[in-house]
>>> print(open('query_5.csv').read())   # CSV, C-alpha atoms and all ligand atoms
chain,number,residue,atom,x,y,z
A,1,MET,CA,-5.3,17.2,16.0
A,2,THR,CA,-6.2,20.9,16.0
A,3,THR,CA,-7.9,22.3,13.0
A,4,ARG,CA,-6.0,24.5,10.6
A,5,ALA,CA,-7.6,27.7,11.7
A,6,ASP,CA,-6.0,27.2,15.2
A,7,THR,CA,-2.5,27.5,13.8
A,8,ALA,CA,-2.7,29.2,10.5
A,9,SER,CA,-1.6,32.5,12.1
A,10,LYS,CA,0.3,33.9,9.2
A,11,PRO,CA,0.1,33.4,5.5
A,12,VAL,CA,2.7,31.2,4.0
A,13,ALA,CA,4.6,32.8,1.1
A,14,ASN,CA,5.2,29.9,-1.3
A,15,ILE,CA,2.0,27.9,-1.7
A,16,ALA,CA,3.0,25.2,-4.1
A,17,ALA,CA,-0.4,23.9,-5.0
A,18,SER,CA,-1.1,21.2,-7.5
A,19,PRO,CA,-3.0,22.0,-10.8
A,20,THR,CA,-6.3,21.5,-9.0
A,21,GLY,CA,-5.2,23.7,-6.1
A,22,ASP,CA,-5.2,20.8,-3.7
A,23,PRO,CA,-2.2,20.1,-1.5
A,24,TRP,CA,0.3,17.4,-2.6
A,25,LEU,CA,-0.4,14.2,-0.8
A,26,LEU,CA,2.8,12.9,0.8
A,27,THR,CA,0.9,10.1,2.4
A,28,PRO,CA,0.5,6.3,1.9
A,29,GLY,CA,-2.8,6.8,0.1
A,30,PRO,CA,-5.1,8.0,-1.2
A,31,LEU,CA,-2.6,9.8,-3.3
A,32,THR,CA,-2.2,12.7,-5.7
A,33,THR,CA,-3.4,11.5,-9.1
A,34,SER,CA,-2.7,13.0,-12.5
A,35,PRO,CA,-5.1,15.5,-14.1
A,36,THR,CA,-5.8,13.0,-16.9
A,37,VAL,CA,-6.7,10.2,-14.3
A,38,LYS,CA,-9.2,12.7,-12.7
A,39,GLN,CA,-10.6,13.6,-16.1
A,40,ALA,CA,-11.2,9.9,-16.9
A,41,MET,CA,-13.9,9.9,-14.2
A,42,LEU,CA,-16.1,12.5,-16.0
A,43,HIS,CA,-18.3,9.8,-17.5
A,44,ASP,CA,-21.3,7.7,-16.4
A,45,TYR,CA,-21.1,4.2,-17.6
A,46,GLY,CA,-23.8,1.6,-17.2
A,47,SER,CA,-22.6,-1.6,-15.5
A,48,ARG,CA,-23.9,-3.8,-18.3
A,49,ASP,CA,-22.7,-1.5,-21.1
A,50,GLY,CA,-20.6,-3.4,-23.6
A,51,ARG,CA,-17.9,-0.7,-23.5
A,52,PHE,CA,-17.7,-1.0,-19.7
A,53,ILE,CA,-17.5,-4.8,-19.9
A,54,ALA,CA,-14.6,-4.5,-22.4
A,55,ILE,CA,-12.7,-2.1,-20.1
A,56,ASN,CA,-13.1,-4.5,-17.2
A,57,ARG,CA,-11.8,-7.4,-19.2
A,58,ARG,CA,-8.8,-5.4,-20.3
A,59,LEU,CA,-8.2,-4.1,-16.8
A,60,ARG,CA,-8.1,-7.6,-15.3
A,61,GLU,CA,-5.7,-8.8,-17.9
A,62,ARG,CA,-3.4,-5.8,-17.4
A,63,LEU,CA,-3.3,-6.3,-13.6
A,64,VAL,CA,-2.4,-10.1,-14.0
A,65,SER,CA,0.4,-9.2,-16.4
A,66,ILE,CA,1.9,-6.6,-13.9
A,67,ALA,CA,2.2,-9.6,-11.5
A,68,GLY,CA,3.7,-11.8,-14.3
A,69,GLY,CA,0.7,-14.1,-14.1
A,70,GLY,CA,0.0,-14.9,-17.7
A,71,GLU,CA,-2.1,-18.0,-18.2
A,72,THR,CA,-1.7,-19.4,-14.7
A,73,HIS,CA,-3.3,-16.6,-12.7
A,74,VAL,CA,-6.5,-14.5,-12.8
A,75,CYS,CA,-7.5,-11.1,-11.4
A,76,VAL,CA,-10.6,-10.7,-9.2
A,77,PRO,CA,-11.4,-7.1,-8.6
A,78,LEU,CA,-13.5,-6.1,-5.5
A,79,GLN,CA,-15.3,-3.0,-4.4
A,80,GLY,CA,-14.1,-1.2,-1.3
A,81,SER,CA,-10.8,-0.1,0.2
A,82,GLY,CA,-7.7,-2.3,0.4
A,83,THR,CA,-8.8,-3.9,3.7
A,84,PHE,CA,-11.9,-5.3,2.1
A,85,VAL,CA,-9.9,-7.3,-0.4
A,86,VAL,CA,-7.4,-8.4,2.3
A,87,GLU,CA,-10.3,-9.7,4.3
A,88,ALA,CA,-11.8,-11.3,1.2
A,89,MET,CA,-8.5,-13.0,0.5
A,90,ILE,CA,-8.2,-14.5,4.0
A,91,GLY,CA,-11.8,-15.7,4.1
A,92,THR,CA,-11.8,-17.1,0.5
A,93,PHE,CA,-8.4,-18.9,0.6
A,94,VAL,CA,-8.1,-20.1,4.2
A,95,PRO,CA,-10.8,-22.8,4.7
A,96,ALA,CA,-12.8,-23.1,7.9
A,97,ASP,CA,-10.5,-26.0,9.0
A,98,GLY,CA,-7.3,-24.3,7.9
A,99,LYS,CA,-4.8,-22.4,9.9
A,100,LEU,CA,-3.0,-19.2,9.0
A,101,LEU,CA,0.5,-18.2,10.2
A,102,ILE,CA,0.8,-14.4,10.1
A,103,LEU,CA,4.2,-12.8,9.8
A,104,ILE,CA,3.8,-9.5,11.7
A,105,ASN,CA,6.0,-6.4,11.9
A,106,GLY,CA,3.5,-3.6,11.9
A,107,ALA,CA,-0.2,-2.5,11.9
A,108,TYR,CA,-1.2,-4.2,8.6
A,109,GLY,CA,0.1,-7.6,9.8
A,110,ARG,CA,-1.8,-7.1,13.1
A,111,ARG,CA,-4.9,-6.2,11.1
A,112,ILE,CA,-4.9,-9.7,9.4
A,113,ALA,CA,-4.9,-11.2,12.9
A,114,ARG,CA,-8.0,-9.1,13.7
A,115,ILE,CA,-9.7,-10.2,10.5
A,116,CYS,CA,-9.1,-13.8,11.6
A,117,ASP,CA,-10.7,-13.1,15.0
A,118,TYR,CA,-13.8,-11.6,13.2
A,119,ILE,CA,-14.2,-14.4,10.6
A,120,GLY,CA,-13.3,-17.2,12.9
A,121,ARG,CA,-10.1,-18.5,11.2
A,122,ALA,CA,-7.5,-20.3,13.3
A,123,TYR,CA,-4.1,-18.5,13.3
A,124,ALA,CA,-0.7,-18.2,14.8
A,125,THR,CA,1.6,-15.1,14.7
A,126,GLN,CA,5.3,-14.6,14.4
A,127,GLU,CA,6.3,-11.1,15.3
A,128,THR,CA,9.4,-9.1,14.8
A,129,PRO,CA,9.9,-5.4,15.9
A,130,GLU,CA,8.6,-2.8,13.5
A,131,ASP,CA,12.1,-1.9,12.2
A,132,VAL,CA,13.1,-5.5,11.7
A,133,PRO,CA,12.1,-7.5,8.6
A,134,VAL,CA,10.1,-10.7,9.1
A,135,ASP,CA,12.3,-13.7,9.6
A,136,PRO,CA,12.3,-16.6,7.0
A,137,GLY,CA,14.5,-18.7,9.2
A,138,ALA,CA,12.1,-18.5,12.1
A,139,LEU,CA,9.3,-19.2,9.6
A,140,ASP,CA,11.1,-22.3,8.5
A,141,GLN,CA,11.2,-23.6,12.1
A,142,ALA,CA,7.6,-22.7,12.8
A,143,LEU,CA,6.3,-24.5,9.7
A,144,ALA,CA,8.4,-27.6,10.6
A,145,ALA,CA,7.0,-27.5,14.1
A,146,ASP,CA,3.4,-27.0,13.3
A,147,PRO,CA,2.0,-29.2,10.5
A,148,SER,CA,-1.5,-27.8,11.1
A,149,VAL,CA,-0.6,-24.5,9.4
A,150,THR,CA,-2.0,-24.5,5.9
A,151,HIS,CA,-1.4,-20.9,4.9
A,152,VAL,CA,1.2,-18.1,5.5
A,153,ALA,CA,0.4,-14.4,5.3
A,154,VAL,CA,3.0,-11.7,4.7
A,155,ILE,CA,3.0,-8.0,4.1
A,156,HIS,CA,5.3,-7.2,1.2
A,157,CYS,CA,6.0,-3.7,2.4
A,158,GLU,CA,4.8,-2.9,5.9
A,159,THR,CA,3.4,0.7,5.5
A,160,THR,CA,3.6,1.3,9.2
A,161,SER,CA,7.3,1.9,8.9
A,162,GLY,CA,8.0,1.6,5.1
A,163,ILE,CA,10.1,-1.6,5.7
A,164,LEU,CA,10.5,-4.0,2.8
A,165,ASN,CA,10.0,-7.7,3.9
A,166,PRO,CA,12.0,-10.5,2.3
A,167,LEU,CA,9.2,-11.8,0.0
A,168,HIS,CA,11.3,-14.2,-2.1
A,169,GLU,CA,12.8,-15.9,1.0
A,170,VAL,CA,9.4,-16.2,2.7
A,171,ALA,CA,7.9,-17.6,-0.5
A,172,GLU,CA,10.7,-20.1,-0.9
A,173,VAL,CA,10.4,-21.4,2.6
A,174,THR,CA,6.6,-21.6,2.4
A,175,ALA,CA,6.7,-23.5,-0.9
A,176,ARG,CA,9.4,-25.9,0.4
A,177,HIS,CA,7.0,-26.8,3.3
A,178,GLY,CA,4.1,-27.3,0.9
A,179,ARG,CA,2.0,-24.5,2.4
A,180,ALA,CA,0.2,-21.7,0.5
A,181,LEU,CA,1.3,-18.1,0.6
A,182,LEU,CA,-1.1,-15.1,0.8
A,183,ILE,CA,0.5,-11.7,0.2
A,184,ASP,CA,-0.7,-8.2,1.1
A,185,ALA,CA,1.3,-6.1,-1.5
A,186,MET,CA,-1.0,-3.1,-1.2
A,187,SER,CA,1.6,-0.4,-0.7
A,188,VAL,CA,4.2,-1.6,-3.3
A,189,PHE,CA,2.3,-3.3,-6.1
A,190,GLY,CA,3.4,-1.7,-9.4
A,191,ALA,CA,6.5,-0.1,-7.9
A,192,VAL,CA,8.5,-3.1,-6.5
A,193,PRO,CA,8.7,-6.2,-8.7
A,194,LEU,CA,6.5,-9.2,-7.8
A,195,ASP,CA,6.7,-11.9,-10.4
A,196,ALA,CA,4.4,-15.0,-10.3
A,197,LYS,CA,7.0,-16.8,-12.4
A,198,ALA,CA,9.7,-16.2,-9.8
A,199,ILE,CA,7.7,-16.8,-6.6
A,200,ARG,CA,4.9,-19.2,-5.7
A,201,PHE,CA,1.8,-17.7,-4.1
A,202,ASP,CA,-1.9,-18.5,-4.0
A,203,ALA,CA,-3.0,-14.9,-3.8
A,204,VAL,CA,-1.7,-11.3,-3.7
A,205,VAL,CA,-3.9,-8.3,-3.1
A,206,ALA,CA,-3.4,-4.6,-3.8
A,207,SER,CA,-5.7,-1.6,-4.5
A,208,SER,CA,-6.4,1.0,-7.2
A,209,ASN,CA,-5.2,4.0,-5.2
A,210,LYS,CA,-1.6,3.3,-4.2
A,211,CYS,CA,1.4,2.8,-6.6
A,212,LEU,CA,-0.9,2.4,-9.6
A,213,GLU,CA,-2.1,6.0,-9.0
A,214,GLY,CA,-5.8,5.5,-9.6
A,215,SER,CA,-8.6,6.7,-7.4
A,216,PRO,CA,-9.7,5.0,-4.2
A,217,GLY,CA,-12.6,2.6,-4.4
A,218,MET,CA,-11.5,-0.9,-5.4
A,219,GLY,CA,-9.0,-3.6,-4.5
A,220,PHE,CA,-8.0,-6.6,-6.6
A,221,CYS,CA,-6.6,-10.1,-6.0
A,222,ILE,CA,-4.2,-11.8,-8.3
A,223,ALA,CA,-4.9,-15.5,-7.7
A,224,ARG,CA,-3.3,-18.7,-8.9
A,225,SER,CA,-6.3,-20.2,-10.9
A,226,GLU,CA,-6.1,-23.7,-9.4
A,227,ALA,CA,-6.0,-22.3,-5.9
A,228,LEU,CA,-9.0,-20.0,-6.5
A,229,GLN,CA,-11.0,-22.9,-8.1
A,230,ALA,CA,-10.3,-25.0,-5.0
A,231,ALA,CA,-11.5,-22.2,-2.7
A,232,LYS,CA,-15.1,-22.5,-3.7
A,233,GLY,CA,-17.4,-22.4,-0.7
A,234,ASN,CA,-14.8,-21.3,1.8
A,235,ALA,CA,-15.8,-17.7,2.2
A,236,PRO,CA,-17.8,-16.7,5.3
A,237,SER,CA,-19.2,-13.6,3.5
A,238,LEU,CA,-21.1,-13.2,0.3
A,239,SER,CA,-19.9,-9.8,-0.7
A,240,LEU,CA,-16.3,-10.7,0.2
A,241,ASP,CA,-16.3,-14.1,-1.6
A,242,LEU,CA,-13.6,-13.8,-4.3
A,243,HIS,CA,-14.5,-17.2,-5.8
A,244,ASP,CA,-18.1,-16.1,-6.3
A,245,GLN,CA,-17.0,-12.7,-7.7
A,246,TRP,CA,-14.7,-14.5,-10.1
A,247,ALA,CA,-17.2,-17.1,-11.2
A,248,ALA,CA,-19.8,-14.5,-11.9
A,249,MET,CA,-17.4,-12.3,-13.8
A,250,GLU,CA,-16.1,-15.2,-15.9
A,251,ALA,CA,-19.7,-16.1,-16.8
A,252,ASN,CA,-20.9,-12.7,-18.1
A,253,GLY,CA,-18.1,-10.2,-17.7
A,254,GLN,CA,-20.1,-8.3,-15.1
A,255,TRP,CA,-19.6,-7.4,-11.5
A,256,ARG,CA,-22.0,-9.2,-9.1
A,257,PHE,CA,-23.0,-5.9,-7.4
A,258,THR,CA,-22.7,-2.2,-8.4
A,259,PRO,CA,-19.2,-1.7,-9.8
A,260,PRO,CA,-17.2,1.4,-8.9
A,261,THR,CA,-17.5,2.6,-12.5
A,262,HIS,CA,-15.6,5.9,-12.1
A,263,CYS,CA,-12.8,4.2,-10.2
A,264,ILE,CA,-12.5,1.6,-13.0
A,265,LEU,CA,-12.3,4.3,-15.7
A,266,ALA,CA,-9.6,6.1,-13.6
A,267,LEU,CA,-7.6,2.9,-13.1
A,268,ASP,CA,-7.7,2.1,-16.8
A,269,GLN,CA,-6.3,5.5,-17.6
A,270,ALA,CA,-3.8,5.2,-14.7
A,271,LEU,CA,-2.6,2.0,-16.3
A,272,ASP,CA,-2.0,3.7,-19.6
A,273,GLU,CA,0.2,6.2,-17.7
A,274,PHE,CA,1.9,3.4,-15.9
A,275,ASP,CA,2.8,1.7,-19.2
A,276,ALA,CA,3.9,5.0,-20.6
A,277,GLU,CA,6.2,5.5,-17.7
A,278,GLY,CA,7.8,2.1,-18.3
A,279,GLY,CA,5.8,-0.2,-16.0
A,280,VAL,CA,7.2,-1.4,-12.7
A,281,ALA,CA,10.8,-0.4,-13.6
A,282,GLY,CA,9.8,3.2,-14.5
A,283,ARG,CA,7.3,3.7,-11.7
A,284,GLY,CA,9.6,2.2,-9.1
A,285,GLY,CA,12.5,4.2,-10.5
A,286,ARG,CA,10.7,7.5,-10.1
A,287,TYR,CA,9.7,6.6,-6.5
A,288,LEU,CA,13.3,5.6,-5.7
A,289,ASP,CA,14.5,9.0,-6.9
A,290,ASN,CA,11.8,10.7,-4.8
A,291,CYS,CA,12.7,8.6,-1.8
A,292,ASP,CA,16.5,9.4,-2.2
A,293,ILE,CA,15.8,13.1,-2.4
A,294,LEU,CA,13.6,13.0,0.6
A,295,VAL,CA,15.8,10.9,2.8
A,296,SER,CA,19.0,12.8,2.0
A,297,GLY,CA,17.3,16.2,2.4
A,298,LEU,CA,15.8,15.2,5.8
A,299,ARG,CA,19.2,13.9,7.0
A,300,THR,CA,20.9,17.1,5.9
A,301,MET,CA,18.5,19.0,8.1
A,302,GLY,CA,19.4,16.8,11.0
A,303,PHE,CA,16.4,14.5,11.0
A,304,ARG,CA,16.9,10.8,11.7
A,305,THR,CA,15.0,8.3,9.6
A,306,LEU,CA,13.9,5.0,11.2
A,307,LEU,CA,15.2,2.6,8.7
A,308,PRO,CA,18.7,1.9,7.2
A,309,ASP,CA,18.7,2.3,3.4
A,310,ALA,CA,18.8,-1.4,2.7
A,311,LEU,CA,15.4,-2.0,4.4
A,312,GLN,CA,13.7,1.2,3.2
A,313,ALA,CA,11.0,0.6,0.5
A,314,PRO,CA,10.7,3.7,-1.8
A,315,ILE,CA,7.2,4.3,-0.6
A,316,ILE,CA,7.1,6.1,2.7
A,317,VAL,CA,9.8,7.3,5.0
A,318,THR,CA,9.4,7.1,8.8
A,319,VAL,CA,11.1,10.0,10.6
A,320,HIS,CA,11.9,10.2,14.3
A,321,MET,CA,10.3,13.1,16.1
A,322,PRO,CA,12.8,15.8,16.9
A,323,ALA,CA,13.5,16.3,20.6
A,324,ASP,CA,13.9,20.1,20.3
A,325,PRO,CA,11.1,21.6,22.6
A,326,SER,CA,10.2,24.1,19.9
A,327,PHE,CA,9.1,21.2,17.7
A,328,GLU,CA,5.4,20.5,18.0
A,329,PHE,CA,4.0,18.0,15.4
A,330,GLU,CA,0.5,19.5,15.0
A,331,THR,CA,1.9,22.9,14.3
A,332,PHE,CA,4.5,21.4,11.9
A,333,TYR,CA,1.8,19.4,10.1
A,334,ASN,CA,-0.7,22.3,9.9
A,335,ARG,CA,1.9,24.7,8.5
A,336,LEU,CA,3.1,22.2,5.9
A,337,SER,CA,-0.5,21.7,4.9
A,338,ASP,CA,-0.9,25.5,4.5
A,339,ALA,CA,2.2,25.4,2.3
A,340,GLY,CA,0.6,22.8,0.1
A,341,TYR,CA,2.1,19.5,1.4
A,342,LEU,CA,0.2,16.9,3.5
A,343,ILE,CA,2.4,14.6,5.5
A,344,TYR,CA,1.2,11.7,7.7
A,345,PRO,CA,1.3,10.9,11.4
A,346,GLY,CA,3.4,8.0,12.7
A,347,LYS,CA,1.9,4.6,13.4
A,348,LEU,CA,4.9,3.0,15.2
A,349,THR,CA,4.6,1.6,18.6
A,350,VAL,CA,8.4,1.5,19.1
A,351,ALA,CA,9.2,5.2,18.6
A,352,ASP,CA,7.6,8.6,18.4
A,353,SER,CA,7.6,9.4,14.7
A,354,PHE,CA,5.9,10.9,11.6
A,355,ARG,CA,5.9,9.7,8.0
A,356,ILE,CA,6.4,11.3,4.6
A,357,GLY,CA,5.3,9.5,1.5
A,358,CYS,CA,6.9,9.6,-1.9
A,359,ILE,CA,4.4,7.8,-4.1
A,360,GLY,CA,1.6,9.1,-6.3
A,361,ARG,CA,1.9,11.6,-9.1
A,362,LEU,CA,4.9,13.4,-7.5
A,363,GLY,CA,8.4,14.0,-8.8
A,364,SER,CA,11.6,15.7,-7.8
A,365,GLU,CA,10.0,19.1,-8.0
A,366,GLN,CA,7.5,18.2,-5.3
A,367,MET,CA,10.1,16.5,-3.2
A,368,HIS,CA,12.4,19.5,-3.3
A,369,GLY,CA,9.4,21.7,-2.7
A,370,ALA,CA,8.4,19.7,0.4
A,371,LEU,CA,11.9,19.9,1.7
A,372,ALA,CA,12.0,23.7,1.2
A,373,ALA,CA,8.6,24.0,3.0
A,374,ILE,CA,9.9,21.9,5.9
A,375,ARG,CA,13.0,24.1,6.2
A,376,ASP,CA,10.8,27.3,6.2
A,377,VAL,CA,8.3,25.8,8.8
A,378,LEU,CA,11.2,24.7,11.1
A,379,ALA,CA,12.7,28.2,11.0
A,380,GLU,CA,9.3,29.8,11.8
A,381,MET,CA,8.8,27.4,14.7
A,382,GLY,CA,12.4,28.2,15.9
A,383,VAL,CA,13.5,24.5,15.8
A,384,ARG,CA,17.3,24.4,15.7
A,385,ASP,CA,17.9,20.7,16.2
A,386,CYS,CA,16.0,17.9,14.4
A,387,ALA,CA,17.7,15.0,16.2
A,388,PRO,CA,15.5,12.7,18.2
A,389,ALA,CA,15.8,12.2,22.0
A,390,THR,CA,17.6,8.9,21.8
A,391,ALA,CA,20.4,8.7,19.3
A,392,GLY,CA,18.9,5.5,17.9
A,393,LYS,CA,20.9,3.3,15.5
A,394,PRO,CA,23.6,5.0,13.4
A,395,GLN,CA,22.5,5.9,9.9
A,396,PRO,CA,24.2,3.9,7.2
A,401,LIG,C1,-3.1,0.8,2.5
A,401,LIG,C2,-2.8,-0.6,2.9
A,401,LIG,C3,-3.9,-1.5,3.1
A,401,LIG,C4,-5.3,-1.2,2.9
A,401,LIG,O1,-5.7,-0.1,3.6
A,401,LIG,P1,-7.1,0.6,3.3
A,401,LIG,O2,-7.1,1.8,4.2
A,401,LIG,O3,-8.2,-0.3,3.7
A,401,LIG,O4,-7.1,0.9,1.8
A,401,LIG,C5,-3.5,-2.8,3.5
A,401,LIG,N1,-2.3,-3.2,3.7
A,401,LIG,C6,-1.2,-2.4,3.5
A,401,LIG,C7,0.1,-2.9,3.7
A,401,LIG,C8,-1.5,-1.0,3.1
A,401,LIG,O5,-0.4,-0.2,2.9
>>> encode(input="query_5.csv", output="structure tokens", more="lines below")
Ligand SMILES: *Cc1c(COP(=O)(O)O)cnc(C)c1O
Amino acid sequence: MTTRADTASKPVANIAASPTGDPWLLTPGPLTTSPTVKQAMLHDYGSRDGRFIAINRRLRERLVSIAGGGETHVCVPLQGSGTFVVEAMIGTFVPADGKLLILINGAYGRRIARICDYIGRAYATQETPEDVPVDPGALDQALAADPSVTHVAVIHCETTSGILNPLHEVAEVTARHGRALLIDAMSVFGAVPLDAKAIRFDAVVASSNKCLEGSPGMGFCIARSEALQAAKGNAPSLSLDLHDQWAAMEANGQWRFTPPTHCILALDQALDEFDAEGGVAGRGGRYLDNCDILVSGLRTMGFRTLLPDALQAPIIVTVHMPADPSFEFETFYNRLSDAGYLIYPGKLTVADSFRIGCIGRLGSEQMHGALAAIRDVLAEMGVRDCAPATAGKPQP
């Protein structure tokens, strides 16, 4: 990608910067956070300080309750980006003699297979195209055919495309076959319901910096207590051993190794704001409004989105690249950035695309602002037609 200086030929009239002057992040994370979440980080806490330990305890309880876990589940937080806790989940829950069946329809499913290669866990994969949900019927057959599979891994929303996978059906099939379910809910946790009382899983992982709108720096695992206790000694890595992290935290309330103190303070504040917004229903509702504004605005301009509405999670929208020769993505990206909106390149293998996120501390004002900026930039670039080269599937 060229640097901004290459293309920022003329000043953009309407710079719609956030209160900090930073561009709005229309990305899958890290995301725009509220001023009060940023302010919460202006403190230095000692890791053994009683106040800090109390915040940790409260944080863990709140995260369990978002997943409907109550008495049956526990929260194990872990330092690092989301991938660290995905890797920790796989290594901790799948024993050395276990076998993981990975349901794949994008980059994050493929990443779990890479993790298994690194840590030496046996696995099989079941892949559907990136614009097709994972298939519970095929899972049913695969589990019947292969009794050596002990665990199933699924991505709740595959951020590669923004597609929502059929979690309830996958959980039902997996439980019916007596296998354990591991869920990467990173990109939707807190915005799309996931209820431990309604579906059976051994572990679900997510991170501080996506729909919970905290700062980057930590992930967490919501685990069924019995499954976590049974996972003692499985992990091939000390720092990524969720059982050890949990046991130490239960013993003295402290993290084993340096905690991301500022990130924890930010997440605690972010959860206050999450509650004030009405929890999962409120947060998910705002994102759904954002997504609707974005999708209908883009379609009005002639863009074609990848997914039909029924499969679209209200998180990130994948847009086909226009075929108009005047459209050039780097210029489009850089000029939108100059106008105060950061979008995201595509990650699809099936089609040339880019992505626009609608999560983080963004509302209708930012969505309409982004659409107006897109309209201006297209006009500047002389793009007349936003349709992709191939007509693709008809939009619903
Ligand atoms: C963001 C994300 C992750 C973690 O990515 P990091 O860059 O390591 O934070 C994992 N899975 C999914 C589905 C995600 O959206």
>>> residues_around(input="query_5.csv", residues="Arg48 in chain A", least_positions_apart="3", cutoff="10 Å", atoms="all atoms listed in the file", output="ChimeraX atom specification")
/A:45,51-53,252-255,259
>>> closest_residue(input="query_5.csv", among="A:His177, A:Lys232, A:Arg286, A:Arg111", to="ligand LIG 401 (chain A)", atoms="only C-alpha atoms and all ligand atoms")
A:Arg111
>>> residues_near_ligand(input="query_5.csv", ligand="ligand LIG 401 (chain A)", cutoff="9 Å", atoms="only C-alpha atoms and all ligand atoms", output="number ranges by chain")
A: 28-30, 80-86, 106-109, 111, 155-160, 162, 184-188, 205-207, 209-210, 216-219
>>> closest_residue(input="query_5.csv", among="A:Cys291, A:Val383, A:Val76, A:Ala230", to="Arg62 in chain A", atoms="all atoms listed in the file")
A:Val76
>>> residues_around(input="query_5.csv", residues="Tyr118 in chain A", least_positions_apart="3", cutoff="12 Å", atoms="all atoms listed in the file", output="PDB file with C-alpha atoms, in the frame of the given file")
ATOM      1  CA  GLU A  87     -10.300  -9.700   4.300  1.00  0.00           C
ATOM      2  CA  ILE A  90      -8.200 -14.500   4.000  1.00  0.00           C
ATOM      3  CA  GLY A  91     -11.800 -15.700   4.100  1.00  0.00           C
ATOM      4  CA  ARG A 111      -4.900  -6.200  11.100  1.00  0.00           C
ATOM      5  CA  ILE A 112      -4.900  -9.700   9.400  1.00  0.00           C
ATOM      6  CA  ALA A 113      -4.900 -11.200  12.900  1.00  0.00           C
ATOM      7  CA  ARG A 114      -8.000  -9.100  13.700  1.00  0.00           C
ATOM      8  CA  ILE A 115      -9.700 -10.200  10.500  1.00  0.00           C
ATOM      9  CA  ARG A 121     -10.100 -18.500  11.200  1.00  0.00           C
ATOM     10  CA  ALA A 122      -7.500 -20.300  13.300  1.00  0.00           C
ATOM     11  CA  TYR A 123      -4.100 -18.500  13.300  1.00  0.00           C
ATOM     12  CA  PRO A 236     -17.800 -16.700   5.300  1.00  0.00           C
ATOM     13  CA  SER A 237     -19.200 -13.600   3.500  1.00  0.00           C
TER      14      SER A 237
END
>>> residues_around(input="query_5.csv", residues="Glu380 in chain A", least_positions_apart="5", cutoff="10 Å", atoms="all atoms listed in the file", output="MDAnalysis selection string")
chainID A and resid 326 332 335 374:375
>>> atom_distance(input="query_5.csv", atom1="CA of Gly98 in chain A", atom2="CA of Thr174 in chain A")
15.2 Å
>>> residues_around(input="query_5.csv", residues="Arg384 in chain A", least_positions_apart="6", cutoff="12 Å", atoms="all atoms listed in the file", output="MDAnalysis selection string")
chainID A and resid 301:303 322:327 375:378
>>> residues_around(input="query_5.csv", residues="range 70-73 of chain A", least_positions_apart="5", cutoff="12 Å", atoms="only C-alpha atoms", output="list in words")
Arg60, Glu61, Arg62, Leu63, Val64, Ser65, Asp195, Ala196, Lys197, Arg200, Phe201, Asp202, Ala203, Val204, Cys221, Ile222, Ala223, Arg224, Ser225, Glu226, Ala227, Leu228, Gln229 and Trp246 of chain A
>>> atom_distance(input="query_5.csv", atom1="CA of Leu212 in chain A", atom2="CA of Ala266 in chain A")
10.3 Å
>>> atom_distance(input="query_5.csv", atom1="CA of Gln269 in chain A", atom2="CA of Pro23 in chain A")
22.1 Å
